[in-house]
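**Student:** Below is the file data-v3.cif, which contains mmCIF, C-alpha atoms.
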```cif
data_work
#
loop_
_atom_site.group_PDB
_atom_site.id
_atom_site.type_symbol
_atom_site.label_atom_id
_atom_site.label_comp_id
_atom_site.auth_asym_id
_atom_site.auth_seq_id
_atom_site.Cartn_x
_atom_site.Cartn_y
_atom_site.Cartn_z
ATOM 1 C CA MET A 5 -166.734 -138.981 -60.644
ATOM 2 C CA VAL A 6 -166.863 -135.677 -62.700
ATOM 3 C CA PRO A 7 -165.072 -135.952 -66.063
ATOM 4 C CA SER A 8 -162.251 -133.438 -66.705
ATOM 5 C CA PRO A 9 -162.852 -130.755 -69.350
ATOM 6 C CA SER A 10 -161.551 -131.665 -72.739
ATOM 7 C CA SER A 11 -158.242 -130.014 -73.918
ATOM 8 C CA PRO A 12 -158.387 -127.475 -76.829
ATOM 9 C CA ALA A 13 -157.695 -128.903 -80.195
ATOM 10 C CA PRO A 14 -154.145 -128.152 -81.462
ATOM 11 C CA VAL A 15 -153.781 -125.467 -84.165
ATOM 12 C CA PRO A 16 -152.670 -126.947 -87.443
ATOM 13 C CA THR A 17 -149.146 -126.091 -88.587
ATOM 14 C CA SER A 18 -150.290 -124.435 -91.791
ATOM 15 C CA GLN A 19 -152.617 -122.112 -89.854
ATOM 16 C CA ARG A 20 -149.828 -121.123 -87.441
ATOM 17 C CA GLN A 21 -147.581 -120.237 -90.372
ATOM 18 C CA GLN A 22 -150.309 -118.083 -91.900
ATOM 19 C CA LEU A 23 -150.824 -116.216 -88.612
ATOM 20 C CA GLY A 24 -147.076 -115.603 -88.211
ATOM 21 C CA ALA A 25 -146.753 -114.301 -91.753
ATOM 22 C CA ARG A 26 -149.708 -111.967 -91.219
ATOM 23 C CA ALA A 27 -148.167 -110.583 -87.964
ATOM 24 C CA ARG A 28 -144.833 -109.959 -89.686
ATOM 25 C CA SER A 29 -146.604 -108.191 -92.496
ATOM 26 C CA ILE A 30 -148.436 -105.891 -90.095
ATOM 27 C CA GLU A 31 -145.177 -105.127 -88.218
ATOM 28 C CA GLN A 32 -143.344 -104.280 -91.447
ATOM 29 C CA ARG A 33 -146.216 -102.042 -92.548
ATOM 30 C CA LEU A 34 -146.158 -100.155 -89.247
ATOM 31 C CA GLN A 35 -142.378 -99.659 -89.481
ATOM 32 C CA SER A 36 -142.723 -98.435 -93.036
ATOM 33 C CA MET A 37 -145.401 -95.945 -91.981
ATOM 34 C CA ALA A 38 -143.274 -94.700 -89.107
ATOM 35 C CA MET A 39 -140.149 -94.204 -91.255
ATOM 36 C CA ALA A 40 -141.981 -92.666 -94.204
ATOM 37 C CA ARG A 41 -140.970 -89.007 -94.647
ATOM 38 C CA LEU A 42 -139.067 -89.053 -91.355
ATOM 39 C CA PRO A 43 -136.994 -85.895 -92.123
ATOM 40 C CA LEU A 44 -140.182 -83.940 -92.790
ATOM 41 C CA LYS A 45 -141.718 -85.153 -89.534
ATOM 42 C CA LEU A 46 -138.610 -84.223 -87.556
ATOM 43 C CA ALA A 47 -138.537 -80.799 -89.192
ATOM 44 C CA ALA A 48 -142.175 -80.273 -88.294
ATOM 45 C CA VAL A 49 -141.496 -81.159 -84.657
ATOM 46 C CA PHE A 50 -138.463 -78.826 -84.594
ATOM 47 C CA PHE A 51 -140.336 -75.853 -86.034
ATOM 48 C CA ALA A 52 -143.246 -76.485 -83.677
ATOM 49 C CA LEU A 53 -140.834 -76.384 -80.744
ATOM 50 C CA VAL A 54 -139.221 -73.175 -82.026
ATOM 51 C CA LEU A 55 -142.652 -71.605 -82.477
ATOM 52 C CA TRP A 56 -143.650 -72.620 -78.942
ATOM 53 C CA LEU A 57 -140.455 -71.117 -77.530
ATOM 54 C CA ALA A 58 -140.963 -67.906 -79.503
ATOM 55 C CA VAL A 59 -144.528 -67.533 -78.271
ATOM 56 C CA SER A 60 -143.524 -68.366 -74.694
ATOM 57 C CA ALA A 61 -140.724 -65.786 -74.820
ATOM 58 C CA GLU A 62 -143.209 -63.026 -75.653
ATOM 59 C CA GLU A 63 -145.813 -63.991 -73.087
ATOM 60 C CA PRO A 64 -145.730 -62.146 -69.740
ATOM 61 C CA THR A 65 -144.648 -64.281 -66.822
ATOM 62 C CA GLU A 66 -143.085 -63.936 -63.368
ATOM 63 C CA GLU A 67 -140.194 -65.716 -61.724
ATOM 64 C CA TRP A 68 -138.116 -65.558 -58.554
ATOM 65 C CA VAL A 69 -134.525 -64.741 -59.513
ATOM 66 C CA ASP A 70 -131.391 -64.333 -57.415
ATOM 67 C CA VAL A 71 -130.277 -60.812 -56.489
ATOM 68 C CA ARG A 72 -126.702 -59.645 -55.958
ATOM 69 C CA ILE A 73 -126.322 -57.507 -52.825
ATOM 70 C CA ALA A 74 -123.787 -54.718 -53.358
ATOM 71 C CA LEU A 75 -122.754 -53.131 -50.062
ATOM 72 C CA VAL A 76 -120.985 -49.816 -50.539
ATOM 73 C CA HIS A 77 -118.626 -48.904 -47.699
ATOM 74 C CA ASP A 78 -115.166 -47.534 -47.107
ATOM 75 C CA SER A 79 -112.123 -49.402 -45.841
ATOM 76 C CA SER A 80 -113.074 -48.776 -42.189
ATOM 77 C CA VAL A 81 -116.082 -51.123 -42.468
ATOM 78 C CA THR A 82 -115.617 -54.899 -42.571
ATOM 79 C CA LEU A 83 -118.401 -57.472 -42.789
ATOM 80 C CA VAL A 84 -118.378 -60.101 -40.047
ATOM 81 C CA ASP A 85 -121.206 -62.201 -41.531
ATOM 82 C CA SER A 86 -121.719 -63.337 -45.107
ATOM 83 C CA VAL A 87 -124.679 -61.788 -46.908
ATOM 84 C CA PRO A 88 -127.670 -64.188 -46.949
ATOM 85 C CA PRO A 89 -129.278 -65.070 -50.309
ATOM 86 C CA VAL A 90 -131.902 -62.648 -51.589
ATOM 87 C CA GLN A 91 -134.428 -63.138 -54.416
ATOM 88 C CA ALA A 92 -136.736 -60.827 -56.329
ATOM 89 C CA LEU A 93 -140.050 -61.632 -57.989
ATOM 90 C CA VAL A 94 -139.679 -60.157 -61.482
ATOM 91 C CA VAL A 95 -142.578 -59.729 -63.914
ATOM 92 C CA GLY A 96 -141.888 -59.456 -67.651
ATOM 93 C CA ARG A 97 -141.556 -61.298 -70.916
ATOM 94 C CA GLY A 98 -139.918 -64.688 -70.821
ATOM 95 C CA ARG A 99 -137.000 -63.636 -73.015
ATOM 96 C CA ASP A 100 -136.249 -60.714 -70.669
ATOM 97 C CA LEU A 101 -136.353 -62.916 -67.582
ATOM 98 C CA LEU A 102 -133.901 -65.318 -69.209
ATOM 99 C CA LYS A 103 -131.325 -62.495 -69.303
ATOM 100 C CA LEU A 104 -131.458 -62.205 -65.512
ATOM 101 C CA TYR A 105 -129.799 -65.600 -65.102
ATOM 102 C CA SER A 106 -126.600 -64.326 -66.712
ATOM 103 C CA THR A 107 -126.763 -60.739 -65.403
ATOM 104 C CA LEU A 108 -128.243 -60.678 -61.916
ATOM 105 C CA PRO A 109 -130.321 -57.782 -60.590
ATOM 106 C CA VAL A 110 -128.448 -55.644 -58.067
ATOM 107 C CA LEU A 111 -129.575 -54.225 -54.732
ATOM 108 C CA ARG A 112 -127.226 -51.569 -53.332
ATOM 109 C CA ARG A 113 -126.896 -50.404 -49.755
ATOM 110 C CA VAL A 114 -124.499 -47.852 -48.228
ATOM 111 C CA ILE A 115 -122.884 -48.607 -44.867
ATOM 112 C CA ASP A 116 -120.977 -45.688 -43.353
ATOM 113 C CA ALA A 117 -118.527 -45.619 -40.488
ATOM 114 C CA ASP A 118 -121.122 -44.187 -38.072
ATOM 115 C CA THR A 119 -123.415 -47.196 -38.300
ATOM 116 C CA ALA A 120 -123.984 -49.657 -35.475
ATOM 117 C CA THR A 121 -122.094 -52.940 -35.395
ATOM 118 C CA ARG A 122 -125.393 -54.824 -35.772
ATOM 119 C CA ILE A 123 -127.612 -53.537 -38.555
ATOM 120 C CA THR A 124 -130.886 -54.546 -40.197
ATOM 121 C CA LEU A 125 -131.314 -53.674 -43.868
ATOM 122 C CA SER A 126 -134.886 -53.361 -45.149
ATOM 123 C CA LEU A 127 -135.258 -54.632 -48.713
ATOM 124 C CA ARG A 128 -137.924 -53.178 -50.999
ATOM 125 C CA PRO A 129 -138.798 -53.917 -54.635
ATOM 126 C CA GLY A 130 -137.896 -50.359 -55.606
ATOM 127 C CA ASP A 131 -134.344 -50.908 -54.349
ATOM 128 C CA VAL A 132 -133.605 -53.605 -56.947
ATOM 129 C CA ASP A 133 -131.870 -52.407 -60.122
ATOM 130 C CA LEU A 134 -132.508 -54.454 -63.268
ATOM 131 C CA PRO A 135 -130.073 -54.493 -66.197
ATOM 132 C CA SER A 136 -130.714 -51.762 -68.754
ATOM 133 C CA ASN A 137 -131.511 -54.292 -71.475
ATOM 134 C CA VAL A 138 -134.294 -55.949 -69.459
ATOM 135 C CA ASP A 139 -137.847 -54.633 -69.811
ATOM 136 C CA ALA A 140 -139.443 -55.892 -66.604
ATOM 137 C CA ARG A 141 -140.439 -54.799 -63.115
ATOM 138 C CA VAL A 142 -139.804 -56.102 -59.609
ATOM 139 C CA ARG A 143 -142.956 -56.962 -57.704
ATOM 140 C CA ASP A 144 -141.566 -58.397 -54.463
ATOM 141 C CA VAL A 145 -138.355 -59.206 -52.579
ATOM 142 C CA ARG A 146 -137.642 -62.030 -50.165
ATOM 143 C CA PRO A 147 -136.653 -61.801 -47.398
ATOM 144 C CA ALA A 148 -137.994 -58.348 -46.601
ATOM 145 C CA ALA A 149 -134.997 -57.604 -44.373
ATOM 146 C CA ILE A 150 -131.568 -59.041 -43.579
ATOM 147 C CA GLY A 151 -129.409 -58.682 -40.476
ATOM 148 C CA LEU A 152 -125.649 -58.169 -40.639
ATOM 149 C CA ARG A 153 -122.790 -57.708 -38.212
ATOM 150 C CA VAL A 154 -120.021 -55.321 -39.167
ATOM 151 C CA ARG A 155 -116.693 -54.376 -37.665
ATOM 152 C CA ILE A 156 -115.938 -50.644 -37.691
ATOM 153 C CA THR A 157 -112.284 -49.637 -37.675
ATOM 154 C CA GLU A 158 -111.344 -46.225 -36.315
ATOM 155 C CA SER A 159 -108.100 -44.350 -35.726
ATOM 156 C CA ARG A 160 -107.082 -41.414 -33.551
ATOM 157 C CA ARG A 161 -104.076 -40.032 -31.722
ATOM 158 C CA VAL A 162 -103.565 -40.716 -28.027
ATOM 159 C CA PRO A 163 -100.798 -39.523 -25.667
ATOM 160 C CA VAL A 164 -97.841 -41.723 -24.735
ATOM 161 C CA ARG A 165 -96.907 -42.223 -21.082
ATOM 162 C CA SER A 166 -93.498 -43.455 -19.983
ATOM 163 C CA ALA A 167 -93.384 -46.644 -17.901
ATOM 164 C CA VAL A 168 -89.574 -46.666 -17.773
ATOM 165 C CA GLU A 169 -87.770 -46.626 -14.420
ATOM 166 C CA ILE A 170 -84.760 -44.276 -14.686
ATOM 167 C CA ALA A 171 -81.824 -44.145 -12.317
ATOM 168 C CA ALA A 172 -78.957 -41.646 -12.468
ATOM 169 C CA ASP A 173 -75.360 -42.661 -11.960
ATOM 170 C CA SER A 174 -73.544 -41.470 -8.899
ATOM 171 C CA GLY A 175 -72.693 -37.793 -9.234
ATOM 172 C CA LEU A 176 -75.787 -37.101 -11.361
ATOM 173 C CA ARG A 177 -79.366 -36.262 -10.591
ATOM 174 C CA LEU A 178 -82.393 -36.389 -12.885
ATOM 175 C CA VAL A 179 -83.880 -33.118 -14.036
ATOM 176 C CA GLY A 180 -87.623 -33.792 -14.174
ATOM 177 C CA PRO A 181 -89.406 -36.653 -15.987
ATOM 178 C CA PRO A 182 -88.221 -37.691 -19.447
ATOM 179 C CA ASN A 183 -89.642 -36.002 -22.518
ATOM 180 C CA VAL A 184 -91.452 -38.383 -24.865
ATOM 181 C CA GLU A 185 -91.015 -37.772 -28.597
ATOM 182 C CA PRO A 186 -93.503 -37.846 -30.196
ATOM 183 C CA GLU A 187 -95.881 -37.029 -27.396
ATOM 184 C CA SER A 188 -98.736 -38.944 -29.081
ATOM 185 C CA VAL A 189 -99.129 -41.894 -31.462
ATOM 186 C CA GLU A 190 -101.868 -43.010 -33.826
ATOM 187 C CA VAL A 191 -103.822 -46.090 -32.807
ATOM 188 C CA ARG A 192 -106.068 -47.972 -35.222
ATOM 189 C CA GLY A 193 -108.442 -50.750 -34.297
ATOM 190 C CA SER A 194 -112.071 -51.533 -33.575
ATOM 191 C CA ARG A 195 -114.155 -48.443 -32.925
ATOM 192 C CA GLU A 196 -115.170 -49.522 -29.436
ATOM 193 C CA ALA A 197 -111.595 -50.240 -28.332
ATOM 194 C CA VAL A 198 -110.166 -47.046 -29.808
ATOM 195 C CA ARG A 199 -112.771 -44.828 -28.190
ATOM 196 C CA LYS A 200 -112.155 -46.380 -24.770
ATOM 197 C CA LEU A 201 -108.399 -45.867 -24.969
ATOM 198 C CA ASN A 202 -107.133 -42.720 -23.211
ATOM 199 C CA ALA A 203 -103.375 -43.278 -23.498
ATOM 200 C CA VAL A 204 -100.710 -45.858 -24.295
ATOM 201 C CA TYR A 205 -97.575 -46.687 -22.332
ATOM 202 C CA THR A 206 -94.050 -47.613 -23.177
ATOM 203 C CA GLU A 207 -92.703 -51.029 -22.265
ATOM 204 C CA ARG A 208 -91.497 -51.338 -18.690
ATOM 205 C CA ARG A 209 -87.721 -51.070 -18.514
ATOM 206 C CA GLN A 210 -84.978 -49.962 -16.182
ATOM 207 C CA ILE A 211 -82.519 -47.436 -17.576
ATOM 208 C CA GLU A 212 -79.450 -45.976 -15.857
ATOM 209 C CA VAL A 213 -78.035 -42.719 -17.248
ATOM 210 C CA TYR A 214 -74.369 -41.746 -17.142
ATOM 211 C CA ASP A 215 -74.534 -38.418 -18.923
ATOM 212 C CA THR A 216 -76.423 -35.168 -18.662
ATOM 213 C CA VAL A 217 -78.296 -35.890 -21.895
ATOM 214 C CA THR A 218 -79.527 -39.364 -22.831
ATOM 215 C CA ASP A 219 -81.815 -40.400 -25.700
ATOM 216 C CA VAL A 220 -83.324 -43.889 -25.660
ATOM 217 C CA LEU A 221 -85.719 -45.575 -28.091
ATOM 218 C CA VAL A 222 -88.408 -47.531 -26.264
ATOM 219 C CA PRO A 223 -91.162 -49.618 -27.894
ATOM 220 C CA VAL A 224 -94.789 -48.831 -27.150
ATOM 221 C CA ASP A 225 -96.429 -51.602 -25.139
ATOM 222 C CA THR A 226 -99.083 -53.038 -27.453
ATOM 223 C CA ALA A 227 -99.713 -56.255 -25.515
ATOM 224 C CA GLY A 228 -103.449 -56.718 -25.141
ATOM 225 C CA LEU A 229 -104.327 -53.659 -27.222
ATOM 226 C CA ARG A 230 -105.344 -55.601 -30.352
ATOM 227 C CA MET A 231 -104.744 -52.535 -32.456
ATOM 228 C CA ARG A 232 -102.000 -51.042 -34.587
ATOM 229 C CA VAL A 233 -99.816 -48.300 -33.141
ATOM 230 C CA THR A 234 -97.883 -45.838 -35.334
ATOM 231 C CA PRO A 235 -95.032 -45.241 -34.727
ATOM 232 C CA PRO A 236 -94.377 -48.448 -32.767
ATOM 233 C CA GLN A 237 -91.654 -46.842 -30.656
ATOM 234 C CA VAL A 238 -90.871 -43.452 -29.122
ATOM 235 C CA LYS A 239 -87.753 -41.650 -27.963
ATOM 236 C CA LEU A 240 -87.187 -40.745 -24.345
ATOM 237 C CA HIS A 241 -85.151 -37.578 -23.921
ATOM 238 C CA ILE A 242 -83.618 -37.760 -20.418
ATOM 239 C CA LEU A 243 -81.878 -34.811 -18.790
ATOM 240 C CA ALA A 244 -79.563 -35.016 -15.808
ATOM 241 C CA ALA A 245 -77.376 -32.543 -13.946
ATOM 242 C CA PRO A 246 -74.432 -32.843 -11.582
ATOM 243 C CA ALA A 247 -75.523 -33.759 -8.112
ATOM 244 C CA ARG A 248 -75.348 -30.958 -5.540
ATOM 245 C CA THR A 249 -72.604 -31.378 -3.043
ATOM 246 C CA PRO A 250 -73.376 -30.598 0.604
#
```
Using structure tokens, write down the structure from this file.

**Tutor:**
Amino acid sequence: MVPSPSSPAPVPTSQRQQLGARARSIEQRLQSMAMARLPLKLAAVFFALVLWLAVSAEEPTEEWVDVRIALVHDSSVTLVDSVPPVQALVVGRGRDLLKLYSTLPVLRRVIDADTATRITLSLRPGDVDLPSNVDARVRDVRPAAIGLRVRITESRRVPVRSAVEIAADSGLRLVGPPNVEPESVEVRGSREAVRKLNAVYTERRQIEVYDTVTDVLVPVDTAGLRMRVTPPQVKLHILAAPARTP
């Protein structure tokens, strides 16, 4: 049978106390060294950080920064889509690039009323305007182009046609078709709809006249037009004469 290994001899109490006292002494010495001249050490770290920031601010660097898209157009142009995000790669000193986070670069585009309803805007570095207090240059733009849908509003005058059925009382006869006043109205709506419209009509009504001269206000029929009509009603000037007797 193999004998078991002998157990280590116990450490005497006096030796354990000496080791504990020595460990506490080392710990206190380390704490004292760490706390010695702490304000000076913190000041040194602070000034080192300030110096690093100052040097970094003067070093040339490049960063992608957000760009504000400024679309210049008149009231006849309305955006259907929101403008997608655009960024510019700007090269300059760090302190100048920091200014671009509070005052964004601007890229301007003009959209006139003759443009198509679907447009593609090409974006170039030279199109980006940096703030006047920033000494830097734009090296690239992403994306290189954006697509937008716009709604173009147009207005023009179109003639008014009467859709009123007129009947004369007994003893009277109508003298020609009624005169419409005004003869034309202004319509305003989407460019495609306005250009396809040749005329507008009054609402369908039945009117019976009892006098030789009759004036009636009749609304313009705007159902289904999806556009604004000005004025919204017209006056029918109806003439009648005594009926001829046989």

**Student:** Return as a ChimeraX atom specification the set of residues that the PyMOL selection byres ((chain A and resi 178) around 8) yields on the displayed structure.

**Tutor:** /A:171-172,176-177,179-181,242-245

**Student:** I'd like to see the residues matched by the PyMOL selection byres ((chain A and resi 209-212) around 9) on this file, and ideally I'd get them as a list in words.

**Tutor:**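 This file, filtered by the PyMOL selection byres ((chain A and resi 209-212) around 9), leaves Ala167, Val168, Glu169, Ile170, Ala171, Ala172, Asp173, Thr206, Glu207, Arg208, Val213, Tyr214, Val220 and Val222 of chain A.
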
**Student:** Which residues match the PyMOL selection byres ((chain A and resi 85) around 10) in the file above, as a PyMOL selection string?

**Tutor:** chain A and resi 82-84+86-88+151-155

**Student:** Take the selection from the previous step and output its residues with C-alpha atoms, as a PDB file, in the coordinates of the input.

**Tutor:**
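Output saved as part_0.pdb:
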```pdb
ATOM      1  CA  THR A  82    -115.617 -54.899 -42.571  1.00  0.00           C
ATOM      2  CA  LEU A  83    -118.401 -57.472 -42.789  1.00  0.00           C
ATOM      3  CA  VAL A  84    -118.378 -60.101 -40.047  1.00  0.00           C
ATOM      4  CA  SER A  86    -121.719 -63.337 -45.107  1.00  0.00           C
ATOM      5  CA  VAL A  87    -124.679 -61.788 -46.908  1.00  0.00           C
ATOM      6  CA  PRO A  88    -127.670 -64.188 -46.949  1.00  0.00           C
ATOM      7  CA  GLY A 151    -129.409 -58.682 -40.476  1.00  0.00           C
ATOM      8  CA  LEU A 152    -125.649 -58.169 -40.639  1.00  0.00           C
ATOM      9  CA  ARG A 153    -122.790 -57.708 -38.212  1.00  0.00           C
ATOM     10  CA  VAL A 154    -120.021 -55.321 -39.167  1.00  0.00           C
ATOM     11  CA  ARG A 155    -116.693 -54.376 -37.665  1.00  0.00           C
TER      12      ARG A 155
END
```

**Student:** Do you have the CA of Ala74 (chain A)-CA of Val114 (chain A) distance handy?

**Tutor:**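 If I compute the distance from CA of Ala74 (chain A) to CA of Val114 (chain A), I get 8.6 Å.
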
**Student:** Please identify all polymer residues within 10 Å of region 127-134 of chain A, counting all atoms listed in the file, omitting same-chain residues fewer than 3 positions from it, and present them as an NGL selection string.

**Tutor:** :A and (71-73 or 90-94 or 104 or 107-113 or 124 or 137-150)

**Student:** Give me, as a tab-separated table (two decimals) with C-alpha atoms, in the frame of the given file, all polymer residues having an atom no more than 12 Å from Thr234 (chain A), counting only C-alpha atoms and skipping those fewer than 6 positions away in the same chain.

**Tutor:**
```tsv
chain	number	residue	atom	x	y	z
A	159	SER	CA	-108.10	-44.35	-35.73
A	160	ARG	CA	-107.08	-41.41	-33.55
A	161	ARG	CA	-104.08	-40.03	-31.72
A	162	VAL	CA	-103.56	-40.72	-28.03
A	163	PRO	CA	-100.80	-39.52	-25.67
A	164	VAL	CA	-97.84	-41.72	-24.74
A	186	PRO	CA	-93.50	-37.85	-30.20
A	188	SER	CA	-98.74	-38.94	-29.08
A	189	VAL	CA	-99.13	-41.89	-31.46
A	190	GLU	CA	-101.87	-43.01	-33.83
A	191	VAL	CA	-103.82	-46.09	-32.81
A	192	ARG	CA	-106.07	-47.97	-35.22
A	193	GLY	CA	-108.44	-50.75	-34.30
A	204	VAL	CA	-100.71	-45.86	-24.30
A	223	PRO	CA	-91.16	-49.62	-27.89
A	224	VAL	CA	-94.79	-48.83	-27.15
A	225	ASP	CA	-96.43	-51.60	-25.14
A	226	THR	CA	-99.08	-53.04	-27.45
```

**Student:** In Å, rounded to a single decimal, give me how far CA of Val217 (chain A) is from CA of Pro182 (chain A).

**Tutor:**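 Here the two named atoms are 10.4 Å from each other.
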
**Student:** Between CA of Pro89 (chain A) and CA of Arg122 (chain A), what is the distance in Å, rounded to a tenth?

**Tutor:**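 Separating CA of Pro89 (chain A) from CA of Arg122 (chain A) is a distance of 18.2 Å.
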
**Student:** Once you add 5 Å to each side, what are the centre and edge lengths of the axis-aligned box holding all listed atoms of region 139-143 of chain A? One decimal in Å, as lines of an AutoDock Vina configuration file, if you can.

**Tutor:**
```
center_x = -140.4
center_y = -55.8
center_z = -63.8
size_x = 15.1
size_y = 12.3
size_z = 22.1
```
